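S.K.: Contents are CSV, C-alpha atoms and all ligand atoms; file name protein_29.csv:
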```csv
chain,number,residue,atom,x,y,z
A,1493,MET,CA,-20.1,9.0,-2.0
A,1494,SER,CA,-18.3,7.4,-4.9
A,1495,THR,CA,-16.7,8.3,-8.2
A,1496,ASN,CA,-16.4,5.8,-11.0
A,1497,VAL,CA,-12.9,6.3,-12.2
A,1498,ALA,CA,-13.4,3.6,-14.7
A,1499,ALA,CA,-16.2,1.2,-15.5
A,1500,ALA,CA,-14.5,-1.6,-13.6
A,1501,SER,CA,-13.4,0.4,-10.6
A,1502,GLU,CA,-15.2,2.6,-8.2
A,1503,VAL,CA,-13.6,5.1,-5.8
A,1504,ARG,CA,-15.4,5.3,-2.4
A,1505,TRP,CA,-14.4,8.4,-0.4
A,1506,HIS,CA,-14.6,8.1,3.5
A,1507,PRO,CA,-13.9,11.4,5.2
A,1508,PHE,CA,-12.9,11.5,8.9
A,1509,ALA,CA,-13.0,14.4,11.3
A,1510,ASP,CA,-9.8,13.2,13.0
A,1511,GLY,CA,-6.9,11.0,12.4
A,1512,GLY,CA,-7.8,8.7,15.3
A,1513,ALA,CA,-11.1,7.8,13.7
A,1514,LEU,CA,-9.5,7.3,10.3
A,1515,ARG,CA,-6.9,4.9,11.8
A,1516,ALA,CA,-9.5,3.0,13.8
A,1517,ASP,CA,-11.5,2.4,10.6
A,1518,ALA,CA,-8.4,1.4,8.7
A,1519,ARG,CA,-7.4,-1.0,11.5
A,1520,ARG,CA,-10.9,-2.5,11.5
A,1521,ARG,CA,-10.9,-3.0,7.8
A,1522,VAL,CA,-7.5,-4.7,7.8
A,1523,ILE,CA,-8.3,-7.0,10.7
A,1524,ASP,CA,-11.7,-7.9,9.2
A,1525,SER,CA,-10.1,-8.7,5.8
A,1526,ALA,CA,-7.5,-10.9,7.6
A,1527,ALA,CA,-10.2,-12.8,9.4
A,1528,ARG,CA,-12.1,-13.4,6.2
A,1529,ALA,CA,-9.0,-14.4,4.2
A,1530,ILE,CA,-7.7,-16.8,6.9
A,1531,ASP,CA,-11.2,-18.3,7.3
A,1532,GLU,CA,-11.6,-18.8,3.5
A,1533,ARG,CA,-8.1,-19.5,2.4
A,1534,ARG,CA,-6.0,-20.1,5.5
A,1535,ARG,CA,-3.7,-17.2,4.6
A,1536,PHE,CA,-3.9,-13.3,4.5
A,1537,VAL,CA,-1.8,-11.5,1.9
A,1538,ILE,CA,-1.3,-7.8,2.6
A,1539,VAL,CA,0.8,-5.2,0.7
A,1540,LEU,CA,2.1,-2.5,3.0
A,1541,ALA,CA,2.4,1.1,2.1
A,1542,GLY,CA,5.5,3.2,2.8
A,1543,GLY,CA,6.0,6.8,3.8
A,1544,SER,CA,4.9,8.2,7.1
A,1545,THR,CA,1.1,8.1,7.1
A,1546,PRO,CA,0.7,4.4,7.8
A,1547,ARG,CA,3.1,4.4,10.9
A,1548,ALA,CA,0.3,5.0,13.4
A,1549,LEU,CA,-1.9,2.3,11.8
A,1550,TYR,CA,0.9,-0.2,11.9
A,1551,ARG,CA,1.6,0.5,15.5
A,1552,SER,CA,-2.2,0.1,16.3
A,1553,LEU,CA,-2.2,-3.3,14.7
A,1554,ARG,CA,0.3,-4.8,17.2
A,1555,ASP,CA,-2.4,-5.9,19.6
A,1556,ALA,CA,-4.8,-7.2,16.9
A,1557,ASP,CA,-6.6,-10.4,17.7
A,1558,THR,CA,-5.4,-12.3,14.6
A,1559,ASP,CA,-3.5,-15.4,13.6
A,1560,TRP,CA,-0.2,-13.8,12.7
A,1561,THR,CA,1.2,-17.1,11.5
A,1562,ARG,CA,-1.2,-16.8,8.5
A,1563,TRP,CA,0.0,-13.3,7.5
A,1564,HIS,CA,2.1,-12.9,4.3
A,1565,VAL,CA,3.5,-9.4,4.0
A,1566,TYR,CA,4.6,-7.7,0.8
A,1567,PHE,CA,5.5,-4.1,0.0
A,1568,GLY,CA,4.0,-1.8,-2.6
A,1569,ASP,CA,7.4,-0.1,-3.1
A,1570,GLU,CA,10.8,0.4,-1.7
A,1571,ARG,CA,13.7,2.9,-1.8
A,1572,CYS,CA,17.0,1.7,-3.2
A,1573,VAL,CA,19.0,2.3,-0.1
A,1574,ALA,CA,20.8,-0.2,2.3
A,1575,ALA,CA,18.5,-2.8,3.8
A,1576,ASP,CA,19.0,-1.3,7.3
A,1577,ASP,CA,18.6,2.3,6.3
A,1578,ALA,CA,16.1,4.2,8.3
A,1579,GLU,CA,14.6,5.5,5.0
A,1580,ARG,CA,13.5,2.0,4.0
A,1581,ASN,CA,9.8,1.3,4.0
A,1582,SER,CA,10.7,-2.2,5.2
A,1583,VAL,CA,12.6,-0.7,8.2
A,1584,MET,CA,9.6,1.6,9.1
A,1585,ALA,CA,7.2,-1.4,8.9
A,1586,ALA,CA,9.5,-3.5,11.1
A,1587,GLU,CA,9.9,-0.8,13.7
A,1588,THR,CA,6.2,0.0,13.9
A,1589,LEU,CA,4.7,-3.5,13.5
A,1590,LEU,CA,6.6,-6.5,12.0
A,1591,ASP,CA,9.2,-6.8,14.7
A,1592,HIS,CA,6.4,-6.8,17.4
A,1593,VAL,CA,4.2,-9.6,16.1
A,1594,PRO,CA,5.0,-13.3,15.4
A,1595,ILE,CA,4.7,-13.4,11.6
A,1596,PRO,CA,7.1,-16.1,10.4
A,1597,PRO,CA,10.2,-14.4,8.9
A,1598,ALA,CA,9.8,-16.4,5.7
A,1599,GLN,CA,6.4,-14.7,5.3
A,1600,ARG,CA,7.9,-11.2,5.4
A,1601,HIS,CA,8.8,-10.3,1.9
A,1602,ALA,CA,10.9,-7.2,1.7
A,1603,ILE,CA,11.8,-5.8,-1.7
A,1604,PRO,CA,15.6,-6.4,-2.0
A,1605,ALA,CA,16.0,-2.8,-3.2
A,1606,GLU,CA,19.6,-2.7,-1.9
A,1607,LEU,CA,20.5,-4.7,-5.0
A,1608,GLY,CA,19.6,-1.7,-7.2
A,1609,ALA,CA,16.3,-1.1,-9.0
A,1610,ASP,CA,16.6,-3.4,-12.0
A,1611,ALA,CA,17.9,-6.5,-10.1
A,1612,ALA,CA,15.4,-5.9,-7.3
A,1613,ALA,CA,12.5,-5.5,-9.7
A,1614,ARG,CA,13.4,-8.8,-11.4
A,1615,ARG,CA,13.7,-10.6,-8.1
A,1616,TYR,CA,10.5,-9.3,-6.7
A,1617,SER,CA,8.6,-10.0,-9.9
A,1618,ASP,CA,9.7,-13.7,-9.5
A,1619,ALA,CA,8.7,-13.6,-5.8
A,1620,LEU,CA,5.2,-12.5,-6.8
A,1621,ARG,CA,4.7,-14.9,-9.7
A,1622,ASP,CA,2.7,-17.5,-7.7
A,1623,VAL,CA,1.1,-15.1,-5.2
A,1624,GLY,CA,-2.2,-14.4,-7.1
A,1625,GLU,CA,-4.7,-11.8,-5.9
A,1626,PHE,CA,-3.7,-9.8,-2.8
A,1627,ASP,CA,-6.2,-9.5,0.1
A,1628,VAL,CA,-5.4,-5.9,1.0
A,1629,VAL,CA,-3.2,-3.3,-0.6
A,1630,LEU,CA,-2.4,-0.3,1.6
A,1631,LEU,CA,-1.4,2.9,-0.2
A,1632,GLY,CA,-0.6,6.5,0.5
A,1633,LEU,CA,-1.0,9.5,-1.8
A,1634,GLY,CA,1.8,11.8,-2.7
A,1635,GLU,CA,1.4,15.6,-3.1
A,1636,ASP,CA,1.8,15.1,-6.9
A,1637,GLY,CA,-0.7,12.3,-7.0
A,1638,HIS,CA,1.9,9.5,-6.9
A,1639,ALA,CA,1.1,6.2,-5.2
A,1640,ALA,CA,3.7,3.6,-4.2
A,1641,SER,CA,6.6,4.7,-6.4
A,1642,LEU,CA,4.4,5.4,-9.5
A,1643,PHE,CA,5.1,9.0,-10.3
A,1644,PRO,CA,3.4,11.4,-12.8
A,1645,GLY,CA,4.9,11.3,-16.3
A,1646,GLN,CA,6.6,7.9,-15.8
A,1647,VAL,CA,5.4,5.2,-18.2
A,1648,ALA,CA,5.8,1.7,-16.7
A,1649,PRO,CA,5.9,-1.2,-19.2
A,1650,ALA,CA,2.3,-2.4,-19.2
A,1651,GLU,CA,3.2,-6.1,-18.8
A,1652,SER,CA,5.5,-5.6,-15.8
A,1653,ASP,CA,4.3,-6.5,-12.3
A,1654,VAL,CA,7.3,-4.7,-10.7
A,1655,VAL,CA,9.0,-1.7,-12.1
A,1656,ALA,CA,12.4,-0.1,-11.6
A,1657,VAL,CA,12.3,3.7,-11.0
A,1658,PHE,CA,15.4,5.9,-11.5
A,1659,ASP,CA,14.2,9.5,-11.5
A,1660,ALA,CA,11.7,9.7,-8.7
A,1661,PRO,CA,10.9,13.3,-7.7
A,1662,LYS,CA,10.6,12.1,-4.1
A,1663,PRO,CA,14.0,11.1,-2.8
A,1664,PRO,CA,15.7,8.8,-3.2
A,1665,PRO,CA,15.5,8.9,-6.9
A,1666,GLU,CA,16.0,5.1,-7.3
A,1667,ARG,CA,13.1,3.0,-6.2
A,1668,VAL,CA,11.2,-0.2,-7.0
A,1669,SER,CA,7.4,-0.3,-7.3
A,1670,LEU,CA,4.7,-2.7,-7.9
A,1671,SER,CA,2.9,-1.6,-11.1
A,1672,ALA,CA,-0.6,-0.2,-11.1
A,1673,ALA,CA,-1.8,-3.4,-12.8
A,1674,ARG,CA,-0.2,-5.6,-10.0
A,1675,LEU,CA,-1.4,-3.3,-7.2
A,1676,SER,CA,-4.9,-3.6,-8.8
A,1677,ARG,CA,-4.9,-7.4,-8.4
A,1678,THR,CA,-6.4,-7.2,-5.0
A,1679,ARG,CA,-9.6,-7.9,-3.1
A,1680,ALA,CA,-9.4,-4.6,-1.4
A,1681,ALA,CA,-7.3,-1.4,-1.8
A,1682,LEU,CA,-7.2,1.1,0.9
A,1683,PHE,CA,-5.7,4.6,0.6
A,1684,LEU,CA,-4.8,6.5,3.8
A,1685,ILE,CA,-4.5,10.2,3.1
A,1686,GLU,CA,-3.8,12.8,5.8
A,1687,GLY,CA,-2.2,16.2,5.6
A,1688,GLU,CA,-2.8,19.6,4.0
A,1689,SER,CA,-0.1,18.9,1.4
A,1690,LYS,CA,-2.4,16.3,-0.2
A,1691,ARG,CA,-5.3,18.7,-0.9
A,1692,ASP,CA,-4.4,19.4,-4.5
A,1693,ALA,CA,-3.8,15.8,-5.4
A,1694,VAL,CA,-7.2,14.9,-3.8
A,1695,ARG,CA,-8.9,17.7,-5.7
A,1696,ARG,CA,-7.4,16.5,-9.0
A,1697,TRP,CA,-8.3,12.9,-8.4
A,1698,ARG,CA,-11.9,13.8,-7.5
A,1699,ALA,CA,-12.1,16.0,-10.7
A,1700,GLY,CA,-11.3,13.0,-12.8
A,1701,VAL,CA,-7.7,14.0,-13.6
A,1702,ASP,CA,-5.6,11.0,-14.4
A,1703,ILE,CA,-3.0,10.8,-11.6
A,1704,PRO,CA,-0.9,7.6,-10.8
A,1705,ALA,CA,-3.2,6.9,-7.8
A,1706,SER,CA,-6.3,6.8,-10.0
A,1707,THR,CA,-4.7,4.2,-12.3
A,1708,ILE,CA,-5.0,1.6,-9.5
A,1709,ARG,CA,-8.3,0.1,-10.3
A,1710,PRO,CA,-9.2,-3.2,-8.6
A,1711,ARG,CA,-12.4,-4.9,-9.7
A,1712,SER,CA,-13.7,-4.3,-6.1
A,1713,GLY,CA,-12.9,-0.6,-6.3
A,1714,VAL,CA,-10.9,1.5,-4.0
A,1715,ASP,CA,-11.6,2.9,-0.5
A,1716,VAL,CA,-10.0,6.2,0.3
A,1717,LEU,CA,-9.9,7.1,4.0
A,1718,LEU,CA,-9.0,10.7,4.3
A,1719,ASP,CA,-8.9,13.8,6.4
A,1720,ALA,CA,-12.4,15.4,6.0
A,1721,SER,CA,-10.8,18.9,5.7
A,1722,LEU,CA,-9.3,17.9,2.4
A,1723,LEU,CA,-12.8,17.8,0.9
A,1724,GLU,CA,-13.7,21.3,2.0
A,1801,LIG,C1,7.3,6.1,-0.3
A,1801,LIG,C2,5.8,5.7,-0.3
A,1801,LIG,C3,5.0,6.8,-1.0
A,1801,LIG,C4,4.1,7.4,0.1
A,1801,LIG,C5,3.5,8.7,-0.4
A,1801,LIG,C6,2.8,9.4,0.9
A,1801,LIG,O1,8.1,5.2,-0.4
A,1801,LIG,O2,7.6,7.3,-0.2
A,1801,LIG,O3,5.5,4.5,-0.8
A,1801,LIG,O4,4.2,6.4,-2.1
A,1801,LIG,O5,3.0,6.5,0.3
A,1801,LIG,O6,4.6,9.6,-0.8
A,1801,LIG,O7,3.8,9.6,1.8
A,1801,LIG,P1,3.4,10.1,3.3
A,1801,LIG,O8,2.5,9.1,3.9
A,1801,LIG,O9,4.7,10.2,4.0
A,1801,LIG,O10,2.7,11.4,3.1
```
Would you mind writing the structure in this file as structure tokens?
Ligand code: 6PG

M.R.:
Amino acid sequence: MSTNVAAASEVRWHPFADGGALRADARRRVIDSAARAIDERRRFVIVLAGGSTPRALYRSLRDADTDWTRWHVYFGDERCVAADDAERNSVMAAETLLDHVPIPPAQRHAIPAELGADAAARRYSDALRDVGEFDVVLLGLGEDGHAASLFPGQVAPAESDVVAVFDAPKPPPERVSLSAARLSRTRAALFLIEGESKRDAVRRWRAGVDIPASTIRPRSGVDVLLDASLLE
């Protein structure tokens, strides 16, 4: 089942009857991508999603059979709160996965959002300059169709890789986000969507309505792993 959102990018929908099967498939995709990337390029570059949906997937990755020393971890977005604030996506990722596996600290690239959105966006844009194409970008979907911290009605400067957000409708209002263009520079993009609250955003996406999530258009397309009930 696929919907061509744009000529260069396909959306492949993968419904799952239960969250466990969805997470198992996502885990397999991430581990397989890591094995291919490490085999071909000696490094695996992954962009982690924030929010709550990915927590169980991250925990399930702790016992993955992979060379963690070859993992390079970035974030799709971050909230502008203190670096140790429980609301941080970097804190969530550390608690569920990164503090439990031997990824070298220098290869864990948190967005320095505690500096404020403008300064952090500049710093992270510099950090990404030589990174090239990601191997996997993980994303969630907001109730309003947002992805990362790209919200409806917000126009990001087209040429930016990383954008400062000041009026996010999902608290906190100040955030930093990779742009749709930068999130699209990836060999694979994986959306994880669970929860009744996402029904309308899924419906609009599938109806071809332009939502921020649908502006993420990698050449290889997008795989959407979702709760099957959201398609009913
Ligand atoms: C954030 C996330 C955000 C999230 C969606 C879905 O910082 O809030 O990056 O884009 O992925 O809002 O959130 P849930 O997974 O909690 O539903």

S.K.: Taking only C-alpha atoms and all ligand atoms into account, name the residue in A:Asp1627, A:Glu1686, A:Glu1666, A:Glu1532 that is nearest to ligand LIG 1801 (chain A).

M.R.: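 Looking only at the distances to ligand LIG 1801 (chain A), the closest residue turns out to be A:Glu1686.
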
S.K.: If we count only C-alpha atoms, what is near Asp1719 (chain A) at a cut-off of 10 Å, once residues fewer than 6 positions away on the same chain are taken out, given as JSON, numbers by chain?

M.R.: {"A": [1506, 1507, 1508, 1509, 1510, 1511, 1513, 1514, 1684, 1685, 1686, 1687, 1688, 1690, 1691]}

S.K.: Between A:Ala1575, A:Ala1548, A:Ile1523, A:Ile1530, which residue has the minimum interatomic distance to ligand LIG 1801 (chain A), considering all atoms listed in the file?

M.R.: A:Ala1548

S.K.: May I ask which of the residues A:Ala1648, A:Ala1586, A:Leu1670, A:Leu1633 is the closest one to ligand LIG 1801 (chain A), counting all atoms listed in the file?

M.R.: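 Ranked by minimum distance to ligand LIG 1801 (chain A), first place goes to A:Leu1633.
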
S.K.: For ligand LIG 1801 (chain A), return the neighbouring residues as a PDB file with C-alpha atoms, in the coordinates of the input (distance at most 10 Å; only C-alpha atoms and all ligand atoms).

M.R.:
```pdb
ATOM      1  CA  LEU A1540       2.100  -2.500   3.000  1.00  0.00           C
ATOM      2  CA  ALA A1541       2.400   1.100   2.100  1.00  0.00           C
ATOM      3  CA  GLY A1542       5.500   3.200   2.800  1.00  0.00           C
ATOM      4  CA  GLY A1543       6.000   6.800   3.800  1.00  0.00           C
ATOM      5  CA  SER A1544       4.900   8.200   7.100  1.00  0.00           C
ATOM      6  CA  THR A1545       1.100   8.100   7.100  1.00  0.00           C
ATOM      7  CA  PRO A1546       0.700   4.400   7.800  1.00  0.00           C
ATOM      8  CA  ARG A1547       3.100   4.400  10.900  1.00  0.00           C
ATOM      9  CA  PHE A1567       5.500  -4.100   0.000  1.00  0.00           C
ATOM     10  CA  GLY A1568       4.000  -1.800  -2.600  1.00  0.00           C
ATOM     11  CA  ASP A1569       7.400  -0.100  -3.100  1.00  0.00           C
ATOM     12  CA  GLU A1570      10.800   0.400  -1.700  1.00  0.00           C
ATOM     13  CA  ARG A1571      13.700   2.900  -1.800  1.00  0.00           C
ATOM     14  CA  CYS A1572      17.000   1.700  -3.200  1.00  0.00           C
ATOM     15  CA  GLU A1579      14.600   5.500   5.000  1.00  0.00           C
ATOM     16  CA  ARG A1580      13.500   2.000   4.000  1.00  0.00           C
ATOM     17  CA  ASN A1581       9.800   1.300   4.000  1.00  0.00           C
ATOM     18  CA  SER A1582      10.700  -2.200   5.200  1.00  0.00           C
ATOM     19  CA  LEU A1630      -2.400  -0.300   1.600  1.00  0.00           C
ATOM     20  CA  LEU A1631      -1.400   2.900  -0.200  1.00  0.00           C
ATOM     21  CA  GLY A1632      -0.600   6.500   0.500  1.00  0.00           C
ATOM     22  CA  LEU A1633      -1.000   9.500  -1.800  1.00  0.00           C
ATOM     23  CA  GLY A1634       1.800  11.800  -2.700  1.00  0.00           C
ATOM     24  CA  GLU A1635       1.400  15.600  -3.100  1.00  0.00           C
ATOM     25  CA  ASP A1636       1.800  15.100  -6.900  1.00  0.00           C
ATOM     26  CA  GLY A1637      -0.700  12.300  -7.000  1.00  0.00           C
ATOM     27  CA  HIS A1638       1.900   9.500  -6.900  1.00  0.00           C
ATOM     28  CA  ALA A1639       1.100   6.200  -5.200  1.00  0.00           C
ATOM     29  CA  ALA A1640       3.700   3.600  -4.200  1.00  0.00           C
ATOM     30  CA  SER A1641       6.600   4.700  -6.400  1.00  0.00           C
ATOM     31  CA  LEU A1642       4.400   5.400  -9.500  1.00  0.00           C
ATOM     32  CA  PHE A1643       5.100   9.000 -10.300  1.00  0.00           C
ATOM     33  CA  ALA A1660      11.700   9.700  -8.700  1.00  0.00           C
ATOM     34  CA  LYS A1662      10.600  12.100  -4.100  1.00  0.00           C
ATOM     35  CA  PRO A1663      14.000  11.100  -2.800  1.00  0.00           C
ATOM     36  CA  PRO A1664      15.700   8.800  -3.200  1.00  0.00           C
ATOM     37  CA  ARG A1667      13.100   3.000  -6.200  1.00  0.00           C
ATOM     38  CA  VAL A1668      11.200  -0.200  -7.000  1.00  0.00           C
ATOM     39  CA  SER A1669       7.400  -0.300  -7.300  1.00  0.00           C
ATOM     40  CA  PHE A1683      -5.700   4.600   0.600  1.00  0.00           C
ATOM     41  CA  LEU A1684      -4.800   6.500   3.800  1.00  0.00           C
ATOM     42  CA  ILE A1685      -4.500  10.200   3.100  1.00  0.00           C
ATOM     43  CA  GLU A1686      -3.800  12.800   5.800  1.00  0.00           C
ATOM     44  CA  GLY A1687      -2.200  16.200   5.600  1.00  0.00           C
ATOM     45  CA  GLU A1688      -2.800  19.600   4.000  1.00  0.00           C
ATOM     46  CA  SER A1689      -0.100  18.900   1.400  1.00  0.00           C
ATOM     47  CA  LYS A1690      -2.400  16.300  -0.200  1.00  0.00           C
ATOM     48  CA  ALA A1705      -3.200   6.900  -7.800  1.00  0.00           C
TER      49      ALA A1705
END
```

S.K.: By how many Å are CA of Ile1538 (chain A) and CA of Val1573 (chain A) apart?

M.R.: 22.8 Å

S.K.: Using all atoms listed in the file, which of A:Tyr1566, A:Trp1505, A:Tyr1616, A:Trp1560 sits nearest Val1654 (chain A)?

M.R.: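 Once distances to Val1654 (chain A) are computed over all atoms listed in the file, the minimum belongs to A:Tyr1616.
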
S.K.: Nearest residue to Ala1529 (chain A) out of A:Asp1559, A:Asp1610, A:Asp1692, A:Asp1591, using only C-alpha atoms?

M.R.: A:Asp1559

S.K.: By how many Å are CA of Gly1512 (chain A) and CA of Leu1549 (chain A) apart?

M.R.: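 Pair CA of Gly1512 (chain A) / CA of Leu1549 (chain A) returns 9.4 Å.
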
S.K.: Regenerate region 1680-1700 of chain A at the level of N, CA, C and O atoms and dump it as a compact mmCIF listing (two decimals), in the coordinates of the input.

M.R.:
```
# COMPACT_ATOMS: atom_id res chain seq x y z
N ALA A 1680 -9.05 -5.87 -1.99
CA ALA A 1680 -9.40 -4.60 -1.40
C ALA A 1680 -8.14 -3.66 -1.51
O ALA A 1680 -7.00 -4.13 -1.36
N ALA A 1681 -8.39 -2.40 -1.80
CA ALA A 1681 -7.30 -1.40 -1.80
C ALA A 1681 -7.74 -0.24 -0.96
O ALA A 1681 -8.88 0.26 -1.07
N LEU A 1682 -6.83 0.14 -0.06
CA LEU A 1682 -7.20 1.10 0.90
C LEU A 1682 -6.12 2.26 0.87
O LEU A 1682 -4.92 2.02 1.08
N PHE A 1683 -6.57 3.47 0.52
CA PHE A 1683 -5.70 4.60 0.60
C PHE A 1683 -5.86 5.31 1.93
O PHE A 1683 -7.00 5.50 2.38
N LEU A 1684 -4.75 5.70 2.54
CA LEU A 1684 -4.80 6.50 3.80
C LEU A 1684 -4.19 7.83 3.45
O LEU A 1684 -3.02 7.93 3.07
N ILE A 1685 -5.01 8.89 3.57
CA ILE A 1685 -4.50 10.20 3.10
C ILE A 1685 -4.78 11.24 4.24
O ILE A 1685 -5.91 11.49 4.65
N GLU A 1686 -3.69 11.78 4.74
CA GLU A 1686 -3.80 12.80 5.80
C GLU A 1686 -2.77 13.91 5.43
O GLU A 1686 -1.73 13.65 4.81
N GLY A 1687 -3.13 15.16 5.82
CA GLY A 1687 -2.20 16.20 5.60
C GLY A 1687 -2.56 17.21 4.56
O GLY A 1687 -2.96 16.82 3.45
N GLU A 1688 -2.45 18.48 4.91
CA GLU A 1688 -2.80 19.60 4.00
C GLU A 1688 -2.14 19.50 2.67
O GLU A 1688 -2.69 19.86 1.62
N SER A 1689 -0.93 18.95 2.67
CA SER A 1689 -0.10 18.90 1.40
C SER A 1689 -0.79 18.05 0.36
O SER A 1689 -0.41 18.10 -0.81
N LYS A 1690 -1.79 17.22 0.78
CA LYS A 1690 -2.40 16.30 -0.20
C LYS A 1690 -3.64 16.91 -0.86
O LYS A 1690 -4.29 16.28 -1.70
N ARG A 1691 -4.01 18.13 -0.43
CA ARG A 1691 -5.30 18.70 -0.90
C ARG A 1691 -5.39 18.78 -2.40
O ARG A 1691 -6.39 18.36 -2.99
N ASP A 1692 -4.33 19.24 -3.07
CA ASP A 1692 -4.40 19.40 -4.50
C ASP A 1692 -4.54 18.07 -5.24
O ASP A 1692 -5.31 17.90 -6.19
N ALA A 1693 -3.78 17.10 -4.75
CA ALA A 1693 -3.80 15.80 -5.40
C ALA A 1693 -5.24 15.17 -5.21
O ALA A 1693 -5.79 14.58 -6.16
N VAL A 1694 -5.84 15.36 -4.04
CA VAL A 1694 -7.20 14.90 -3.80
C VAL A 1694 -8.19 15.58 -4.73
O VAL A 1694 -9.06 14.96 -5.38
N ARG A 1695 -8.04 16.89 -4.86
CA ARG A 1695 -8.90 17.70 -5.70
C ARG A 1695 -8.85 17.19 -7.15
O ARG A 1695 -9.86 16.96 -7.82
N ARG A 1696 -7.62 16.95 -7.63
CA ARG A 1696 -7.40 16.50 -9.00
C ARG A 1696 -8.04 15.12 -9.23
O ARG A 1696 -8.68 14.84 -10.23
N TRP A 1697 -7.80 14.25 -8.27
CA TRP A 1697 -8.30 12.90 -8.40
C TRP A 1697 -9.86 12.93 -8.48
O TRP A 1697 -10.45 12.31 -9.36
N ARG A 1698 -10.48 13.73 -7.57
CA ARG A 1698 -11.90 13.80 -7.50
C ARG A 1698 -12.50 14.50 -8.78
O ARG A 1698 -13.65 14.28 -9.18
N ALA A 1699 -11.65 15.31 -9.44
CA ALA A 1699 -12.10 16.00 -10.70
C ALA A 1699 -11.93 15.12 -11.88
O ALA A 1699 -12.24 15.52 -13.01
N GLY A 1700 -11.42 13.91 -11.65
CA GLY A 1700 -11.30 13.00 -12.80
C GLY A 1700 -9.97 13.12 -13.51
O GLY A 1700 -9.79 12.51 -14.58
```
